[in-house]
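**Student:** Provided herewith: data38.txt, compact mmCIF, C-alpha atoms.
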# COMPACT_ATOMS: atom_id res chain seq x y z
CA MET A 1 12.85 -48.96 16.64
CA ASN A 2 10.44 -46.11 17.22
CA ASP A 3 12.03 -45.48 20.59
CA PHE A 4 15.42 -45.17 18.91
CA GLU A 5 14.11 -42.71 16.37
CA LYS A 6 12.61 -40.63 19.14
CA LEU A 7 15.88 -40.75 21.02
CA GLU A 8 17.82 -39.75 17.90
CA LYS A 9 15.55 -36.75 17.42
CA GLU A 10 16.00 -35.81 21.05
CA LEU A 11 19.79 -36.06 20.72
CA SER A 12 19.79 -33.98 17.53
CA SER A 13 17.94 -31.25 19.37
CA LEU A 14 20.94 -30.85 21.68
CA SER A 15 23.05 -28.50 19.63
CA PRO A 16 26.76 -28.15 20.31
CA ARG A 17 27.80 -24.63 21.17
CA PRO A 18 29.08 -22.67 18.19
CA PRO A 19 32.75 -21.69 18.33
CA THR A 20 33.41 -18.49 20.24
CA ASP A 21 34.51 -15.31 18.45
CA GLU A 22 37.79 -15.53 20.28
CA PHE A 23 38.41 -19.04 18.98
CA THR A 24 37.40 -18.04 15.44
CA LYS A 25 39.85 -15.15 15.60
CA GLN A 26 42.53 -17.56 16.78
CA ILE A 27 41.84 -19.77 13.76
CA GLU A 28 41.91 -16.73 11.47
CA ASP A 29 45.35 -15.80 12.74
CA ALA A 30 46.60 -19.36 12.37
CA LEU A 31 45.24 -19.67 8.83
CA GLY A 32 46.88 -16.46 7.69
CA GLU A 33 46.68 -15.98 3.94
CA ALA A 34 45.36 -19.49 3.39
CA GLY A 35 42.07 -18.28 4.85
CA SER A 36 41.45 -15.71 2.17
CA VAL A 37 42.14 -17.85 -0.88
CA ALA A 38 38.54 -19.02 -1.30
CA MET A 39 36.03 -16.21 -0.93
CA CYS A 40 32.32 -16.02 -1.41
CA HIS A 41 30.43 -12.95 -2.49
CA LEU A 42 27.63 -11.92 -0.21
CA HIS A 43 26.44 -9.13 -2.43
CA ASP A 44 23.37 -10.17 -4.42
CA GLN A 45 24.10 -7.81 -7.30
CA ALA A 46 27.49 -9.32 -8.00
CA GLU A 47 25.91 -12.72 -8.40
CA GLN A 48 23.02 -11.40 -10.48
CA SER A 49 25.38 -9.66 -12.90
CA ILE A 50 27.29 -12.89 -13.42
CA VAL A 51 24.11 -14.84 -14.05
CA LYS A 52 22.88 -12.10 -16.39
CA SER A 53 26.10 -11.91 -18.40
CA SER A 54 26.30 -15.68 -18.83
CA PHE A 55 22.64 -15.73 -19.89
CA THR A 56 23.18 -13.10 -22.58
CA LYS A 57 26.20 -15.01 -23.86
CA ILE A 58 24.22 -18.23 -24.05
CA LEU A 59 21.48 -16.38 -25.91
CA ALA A 60 23.99 -14.82 -28.31
CA TRP A 61 25.37 -18.23 -29.25
CA THR A 62 22.13 -20.15 -29.21
CA ILE A 63 20.32 -18.00 -31.78
CA PRO A 64 22.90 -18.62 -34.59
CA GLY A 65 22.79 -22.31 -33.62
CA ILE A 66 19.04 -22.42 -34.10
CA GLY A 67 19.45 -20.52 -37.37
CA ILE A 68 21.92 -23.09 -38.73
CA ALA A 69 19.64 -25.94 -37.68
CA ALA A 70 16.72 -24.25 -39.42
CA ALA A 71 18.76 -23.69 -42.60
CA VAL A 72 19.71 -27.36 -42.69
CA ALA A 73 16.08 -28.35 -42.21
CA PHE A 74 15.01 -26.12 -45.13
CA PHE A 75 17.76 -27.52 -47.33
CA PHE A 76 16.52 -31.05 -46.79
CA TYR A 77 12.94 -29.96 -47.30
CA PHE A 78 13.66 -28.32 -50.67
CA SER A 79 15.88 -31.13 -51.86
CA GLN A 80 12.96 -33.47 -51.20
CA LEU A 81 10.68 -31.33 -53.31
CA SER A 82 13.00 -31.51 -56.28
CA SER A 83 13.03 -35.33 -56.36
CA ASN A 84 10.28 -37.33 -58.02
CA GLU A 85 7.50 -38.79 -55.90
CA ILE A 86 8.75 -42.37 -55.83
CA ALA A 87 12.25 -41.44 -54.85
CA LEU A 88 10.80 -39.12 -52.27
CA LYS A 89 8.80 -41.94 -50.68
CA LYS A 90 11.80 -44.25 -50.82
CA TRP A 91 14.26 -41.90 -49.27
CA SER A 92 12.13 -39.61 -47.15
CA LEU A 93 12.41 -41.78 -44.07
CA LEU A 94 16.17 -42.03 -44.44
CA ARG A 95 16.47 -38.30 -45.02
CA PHE A 96 14.25 -37.56 -42.08
CA ASN A 97 16.55 -39.68 -39.91
CA HIS A 98 19.54 -37.74 -41.22
CA LEU A 99 17.80 -34.51 -40.39
CA VAL A 100 17.01 -35.65 -36.86
CA TRP A 101 20.60 -36.75 -36.34
CA LEU A 102 21.96 -33.51 -37.68
CA MET A 103 19.68 -31.44 -35.49
CA MET A 104 20.63 -33.50 -32.46
CA ILE A 105 24.32 -32.95 -33.17
CA VAL A 106 23.80 -29.21 -33.55
CA HIS A 107 21.68 -29.09 -30.41
CA TYR A 108 24.05 -31.06 -28.16
CA THR A 109 27.13 -29.28 -29.47
CA GLU A 110 25.44 -26.02 -28.63
CA LEU A 111 24.42 -27.31 -25.21
CA ALA A 112 27.93 -28.52 -24.39
CA ARG A 113 29.44 -25.24 -25.50
CA SER A 114 26.93 -23.29 -23.38
CA ASN A 115 27.79 -25.39 -20.34
CA TRP A 116 31.45 -24.77 -20.95
CA ARG A 117 30.78 -21.03 -21.17
CA ILE A 118 28.90 -21.17 -17.87
CA SER A 119 31.73 -23.01 -16.16
CA LEU A 120 34.10 -20.28 -17.28
CA GLU A 121 31.97 -17.76 -15.41
CA CYS A 122 32.47 -19.69 -12.18
CA ARG A 123 36.18 -19.33 -11.73
CA TRP A 124 37.04 -19.55 -8.04
CA TRP A 125 40.18 -17.46 -8.55
CA ASP A 126 37.92 -14.56 -9.50
CA GLY A 127 36.40 -14.76 -6.06
CA TRP A 128 33.18 -16.39 -7.05
CA ILE A 129 32.29 -19.93 -6.17
CA PRO A 130 30.34 -22.21 -8.52
CA LYS A 131 26.79 -22.86 -7.41
CA ARG A 132 27.41 -26.52 -6.58
CA LYS A 133 29.74 -25.44 -3.79
CA LYS A 134 27.21 -23.18 -2.18
CA SER A 135 25.78 -25.96 -0.04
CA LEU A 136 28.92 -25.57 2.04
CA PHE A 137 27.93 -22.32 3.50
CA VAL A 138 24.16 -22.46 3.57
CA GLU A 139 22.91 -23.10 7.07
CA MET B 1 27.88 -3.64 2.54
CA ASN B 2 30.56 -6.25 2.92
CA ILE B 3 30.95 -7.81 -0.51
CA SER B 4 32.86 -10.93 0.37
CA GLU B 5 34.05 -13.06 3.22
CA PRO B 6 36.35 -16.08 3.48
CA ILE B 7 34.47 -19.32 2.97
CA TRP B 8 36.19 -20.93 5.90
CA LYS B 9 34.31 -18.65 8.31
CA LYS B 10 30.92 -19.91 7.17
CA TRP B 11 32.25 -23.45 7.14
CA PHE B 12 33.68 -23.08 10.60
CA ALA B 13 30.56 -21.46 12.03
CA LYS B 14 28.64 -24.50 10.84
CA HIS B 15 31.02 -27.26 11.84
CA GLY B 16 33.27 -25.70 14.49
CA GLY B 17 31.11 -26.55 17.50
CA LYS B 18 30.79 -30.17 16.42
CA LEU B 19 34.51 -30.40 15.82
CA VAL B 20 35.25 -29.09 19.30
CA LEU B 21 32.80 -31.57 20.79
CA PHE B 22 34.50 -34.43 18.94
CA ALA B 23 37.93 -33.12 19.91
CA ARG B 24 36.87 -33.11 23.55
CA GLN B 25 36.10 -36.80 23.29
CA GLN B 26 39.37 -37.52 21.56
CA ALA B 27 41.67 -35.31 23.61
CA ARG B 28 43.10 -36.65 26.79
CA TYR B 29 42.59 -33.28 28.41
CA PRO B 30 39.59 -31.03 27.67
CA ASP B 31 41.76 -27.94 27.37
CA ASP B 32 43.47 -29.48 24.37
CA ALA B 33 40.24 -29.71 22.38
CA GLU B 34 40.41 -26.24 20.83
CA ASP B 35 44.10 -26.60 20.09
CA LEU B 36 43.40 -29.90 18.38
CA VAL B 37 40.62 -28.41 16.28
CA GLN B 38 42.77 -25.46 15.34
CA GLU B 39 45.72 -27.61 14.33
CA ALA B 40 43.60 -30.09 12.35
CA PHE B 41 41.44 -27.47 10.68
CA VAL B 42 44.34 -25.26 9.67
CA ARG B 43 46.25 -28.19 8.21
CA ILE B 44 43.29 -29.45 6.21
CA TRP B 45 42.17 -26.00 5.07
CA ARG B 46 45.66 -25.17 3.83
CA LEU B 47 45.58 -28.33 1.74
CA TYR B 48 42.06 -28.23 0.37
CA GLY B 49 40.62 -24.84 1.32
CA HIS B 50 41.38 -23.26 -2.05
CA THR B 51 38.68 -25.46 -3.57
CA GLY B 52 36.13 -24.03 -1.16
CA GLU B 53 34.96 -27.56 -0.49
CA VAL B 54 36.29 -29.45 2.50
CA SER B 55 34.61 -32.57 3.78
CA PRO B 56 34.07 -32.41 7.57
CA GLY B 57 35.08 -36.09 7.68
CA LEU B 58 38.62 -35.10 6.75
CA VAL B 59 38.87 -32.71 9.69
CA TYR B 60 37.37 -35.27 12.10
CA ARG B 61 39.96 -37.78 10.94
CA ALA B 62 42.78 -35.26 11.33
CA ILE B 63 41.59 -34.42 14.86
CA ARG B 64 41.59 -38.07 15.83
CA ARG B 65 45.09 -38.70 14.48
CA LEU B 66 46.48 -35.58 16.10
CA ALA B 67 44.85 -36.52 19.40
CA ILE B 68 46.61 -39.88 19.31
CA ASP B 69 49.95 -38.20 18.58
CA TRP B 70 49.46 -35.58 21.26
CA ALA B 71 48.43 -38.12 23.87
CA ARG B 72 51.83 -39.73 23.47
CA SER B 73 53.68 -36.50 23.98
CA ILE B 74 51.83 -34.63 26.71
CA ASP B 75 51.92 -37.01 29.63
CA ARG B 76 53.98 -34.55 31.63
CA ARG B 77 50.95 -32.28 31.87
CA ARG B 78 48.78 -34.97 33.42
CA ILE B 79 48.80 -33.86 37.05
CA ARG B 80 47.97 -30.24 36.30
CA GLU B 81 45.16 -31.10 33.89
CA GLU B 82 43.43 -33.89 35.78
CA LYS B 83 41.57 -31.38 37.90
CA VAL B 84 40.20 -29.75 34.75
CA ILE B 85 38.69 -33.03 33.63
CA LEU B 86 36.58 -33.12 36.78
CA ASP B 87 35.58 -29.49 36.34
CA SER B 88 34.61 -29.74 32.67
CA PRO B 89 31.76 -32.11 31.96
CA LEU B 90 30.77 -32.69 28.34
CA SER B 91 27.57 -30.70 28.89
CA THR B 92 29.61 -27.50 28.85
CA SER B 93 30.06 -28.03 25.11
CA PHE B 94 26.33 -27.69 24.49
CA GLU B 95 24.05 -24.67 24.40
CA ARG B 96 23.44 -23.14 27.81
CA ASN B 97 19.65 -23.12 27.56
CA LEU B 98 19.73 -26.89 28.16
CA GLU B 99 20.20 -26.24 31.84
CA LYS B 100 16.48 -25.58 32.10
CA ASP B 101 15.52 -28.91 30.56
CA GLU B 102 15.87 -31.72 33.04
CA ARG B 103 15.49 -34.50 30.52
CA LYS B 104 18.16 -33.08 28.25
CA GLN B 105 20.46 -32.70 31.22
CA ALA B 106 19.84 -36.33 32.10
CA LEU B 107 20.54 -37.27 28.50
CA LEU B 108 23.88 -35.46 28.59
CA ARG B 109 24.83 -37.16 31.85
CA ALA B 110 23.95 -40.49 30.27
CA ILE B 111 26.11 -39.68 27.23
CA GLU B 112 29.03 -38.90 29.52
CA ARG B 113 28.67 -42.32 31.08
CA LEU B 114 28.86 -44.10 27.74
CA PRO B 115 32.11 -45.90 26.93
CA LYS B 116 34.33 -43.68 24.79
CA GLU B 117 34.12 -45.97 21.77
CA GLN B 118 30.32 -45.71 21.78
CA SER B 119 30.08 -41.99 22.48
CA GLU B 120 32.47 -41.11 19.65
CA VAL B 121 30.35 -43.05 17.15
CA LEU B 122 27.20 -41.44 18.55
CA MET B 123 28.76 -37.99 18.31
CA LEU B 124 29.86 -38.40 14.70
CA LYS B 125 26.49 -39.82 13.66
CA ILE B 126 24.18 -37.42 15.50
CA TRP B 127 26.05 -34.12 15.54
CA GLY B 128 28.71 -34.73 12.90
CA ASP B 129 26.06 -35.85 10.37
CA LEU B 130 28.44 -38.48 9.02
CA THR B 131 27.25 -41.72 7.46
CA PHE B 132 28.28 -45.06 8.97
CA ASP B 133 30.69 -45.46 6.07
CA GLU B 134 32.34 -42.09 6.78
CA ILE B 135 32.49 -42.89 10.50
CA SER B 136 34.15 -46.22 9.81
CA ARG B 137 36.81 -44.43 7.74
CA THR B 138 37.26 -41.70 10.35
CA LEU B 139 37.72 -44.13 13.22
CA ASP B 140 39.43 -46.90 11.22
CA LEU B 141 36.76 -49.41 12.15
CA SER B 142 34.64 -51.83 10.19
CA LEU B 143 31.17 -50.80 9.14
CA ASN B 144 29.59 -53.52 11.29
CA THR B 145 31.50 -52.41 14.37
CA VAL B 146 30.41 -48.82 13.88
CA ALA B 147 26.76 -49.79 13.38
CA SER B 148 26.71 -52.07 16.41
CA ARG B 149 28.44 -49.50 18.64
CA TYR B 150 25.85 -46.96 17.61
CA ARG B 151 23.03 -49.36 18.39
CA TYR B 152 24.54 -50.23 21.79
CA ALA B 153 24.96 -46.54 22.57
CA LEU B 154 21.32 -45.80 21.81
CA GLN B 155 20.18 -48.80 23.82
CA LYS B 156 22.28 -47.70 26.80
CA LEU B 157 20.96 -44.18 26.62
CA LYS B 158 17.42 -45.44 26.39
CA ASP B 159 17.94 -47.57 29.48
CA SER B 160 19.91 -45.07 31.54
CA VAL B 161 18.05 -41.79 30.96
CA PRO B 162 15.18 -42.70 33.32
CA GLN B 163 17.74 -43.60 36.01
CA GLU B 164 19.60 -40.35 35.40
CA LEU B 165 16.37 -38.44 35.68
CA GLU B 166 15.65 -40.10 38.98
CA SER B 167 19.11 -39.56 40.41
CA GLY B 168 19.19 -36.00 39.13
CA THR B 169 15.97 -35.02 40.86
CA THR B 170 16.40 -36.98 44.12
CA PRO B 171 18.79 -34.55 45.90
CA ASN B 172 16.41 -31.66 45.35
CA ARG B 173 13.50 -33.38 47.02
Please re-express this file's structure in structure tokens.

**Tutor:**
Amino acid sequence: MNDFEKLEKELSSLSPRPPTDEFTKQIEDALGEAGSVAMCHLHDQAEQSIVKSSFTKILAWTIPGIGIAAAVAFFFYFSQLSSNEIALKKWSLLRFNHLVWLMMIVHYTELARSNWRISLECRWWDGWIPKRKKSLFVE
Amino acid sequence: MNISEPIWKKWFAKHGGKLVLFARQQARYPDDAEDLVQEAFVRIWRLYGHTGEVSPGLVYRAIRRLAIDWARSIDRRRIREEKVILDSPLSTSFERNLEKDERKQALLRAIERLPKEQSEVLMLKIWGDLTFDEISRTLDLSLNTVASRYRYALQKLKDSVPQELESGTTPNR
């Protein structure tokens, strides 16, 4: 099997000739407008600005989210204080579970919404391709 | 600075050479290879290019199907083109610097001697970077057939390269 692996490596090292410029031009002519539907930006700044703007939006929506979660946590904390000690012991575990669940809901809702916001930034019809598609044109 | 370029150009620069190589194996006449690639690529890109994501397997499959269709319709060109077949060995589809490497030359000669059904599997696996599953779908073959053809091809190459090396160097001595 080692011989085969060696042979495979040797074969892989033989690289097929890239298409000639003439042939590429021929394809370009044949594609016509279909060739310019999907574009990729080569300019670094364009990409950076998109990443930056989506980041600031995420930040702008995450902070109120954290605030709401914190307010809910305080509410439960103070409501516990107002109960008597026995009731507190009896229900604290249950209330703690409620708090965890509530915080999880807030957190995941926020996360899902952030992801949705990011996906909106990656609209191909704006001439920018989502990151997952980049593997296509990385050598 | 150029701010954007069509995705197909990057895609084609990466896969174009391999597609032409595959088309040369599929086409009855070597001169048809580029036409086949152009036709198949343009058709597929028009269908799926807007997504920016086109699987090379789709284009390989389109090339193969077109080659079958064309072979049925271009028999009248046979006499004129037969000479070209003799003048255009497969090695012309690879980088020119190989000419200096005797072993690689021998390897290419050995590949040319492989039966077509083995060399097409070898090509798709080694240079097309397709999985056995993708190859089986591209060539309409079972997975076992593809795997065994690939194994046979490697075995044949392994056996015939030393002979090719010998025969390639003999006339110079």

**Student:** Please indicate the distance in Å from atom CA of B:Gln25 to atom CA of B:His50, rounded to one decimal place.

**Tutor:**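 A separation of 29.2 Å between them.
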
**Student:** If you measure from atom CA of B:Pro162 to atom CA of A:Arg17, what distance in Å do you get, rounded to one decimal?

**Tutor:**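 Distance reported for this atom pair: 25.2 Å.
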
**Student:** With 6 Å as the limit and counting only C-alpha atoms, what residues in chain B lie close to chain A? Please list them as a PyMOL selection string.

**Tutor:** chain B and resi 3-7+10-11+16-18+38+42+46+50+52+93-95+126

**Student:** Considering all atoms listed in the file, state which residue in the set A:Leu111, A:Ala73, A:Ile105, A:Val100 is at the smallest distance from A:Trp61.

**Tutor:**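 Among A:Leu111, A:Ala73, A:Ile105, A:Val100, it is A:Leu111 that comes nearest to A:Trp61.
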
**Student:** For B:Ile63, which of B:Ile44, B:Ile111, B:Leu124, B:Leu36 is the closest residue, counting only C-alpha atoms?

**Tutor:**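 Under the stated criterion, the closest residue is B:Leu36.
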
**Student:** What is the distance between atom CA of B:Asp101 and atom CA of B:Glu117, in Å to one decimal?

**Tutor:**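 Taking atom CA of B:Asp101 as the start and atom CA of B:Glu117 as the end point, the length is 26.7 Å.
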
**Student:** Please provide as a list in words all residues within 12 Å of B:Ser55, with the sequence filter that same-chain residues fewer than 4 positions apart are discarded (counting only C-alpha atoms).

**Tutor:**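 My list of contacting residues is Lys133, Ser135 and Leu136 of chain A; Trp8, Trp11, Phe12, His15, Phe41, Ile44, Trp45, Leu47, Tyr48, Gly49, Thr51, Val59, Tyr60, Arg61, Ala62, Gly128, Asp129, Leu130, Glu134 and Thr138 of chain B.
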
**Student:** List the neighbours of B:Arg65 out to 12 Å using all atoms listed in the file; skip same-chain residues closer than 6 positions along the sequence, and give me the result as a list in words.

**Tutor:**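 After dropping sequence-adjacent residues, the list is Ala23, Gln26, Ala27, Leu36, Val37, Glu39, Ala40, Leu58, Val59, Ala71, Arg72, Thr138, Leu139 and Asp140 of chain B.
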
**Student:** Counting only C-alpha atoms, which residue out of A:Ala69, A:Ile63, A:Glu110, A:Phe76 sits closest to A:His98?

**Tutor:**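 Of the candidates, the smallest distance to A:His98 is held by A:Phe76.
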
**Student:** Can you tell me which residues surround B:Arg109 at a distance of at most 8 Å, considering all atoms listed in the file, apart from same-chain residues fewer than 3 positions away, and format the answer as a count of residues only?

**Tutor:** 6

**Student:** Within 10 Å of B:Arg137, counting all atoms listed in the file, which residues show up once you throw out same-chain ones fewer than 4 positions away? Write them as a list of chain:residue names, please.

**Tutor:**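 Listing them by chain and then by number gives B:Gly57, B:Leu58, B:Arg61, B:Thr131, B:Phe132, B:Asp133, B:Leu141, B:Ser142, B:Leu143, B:Val146.
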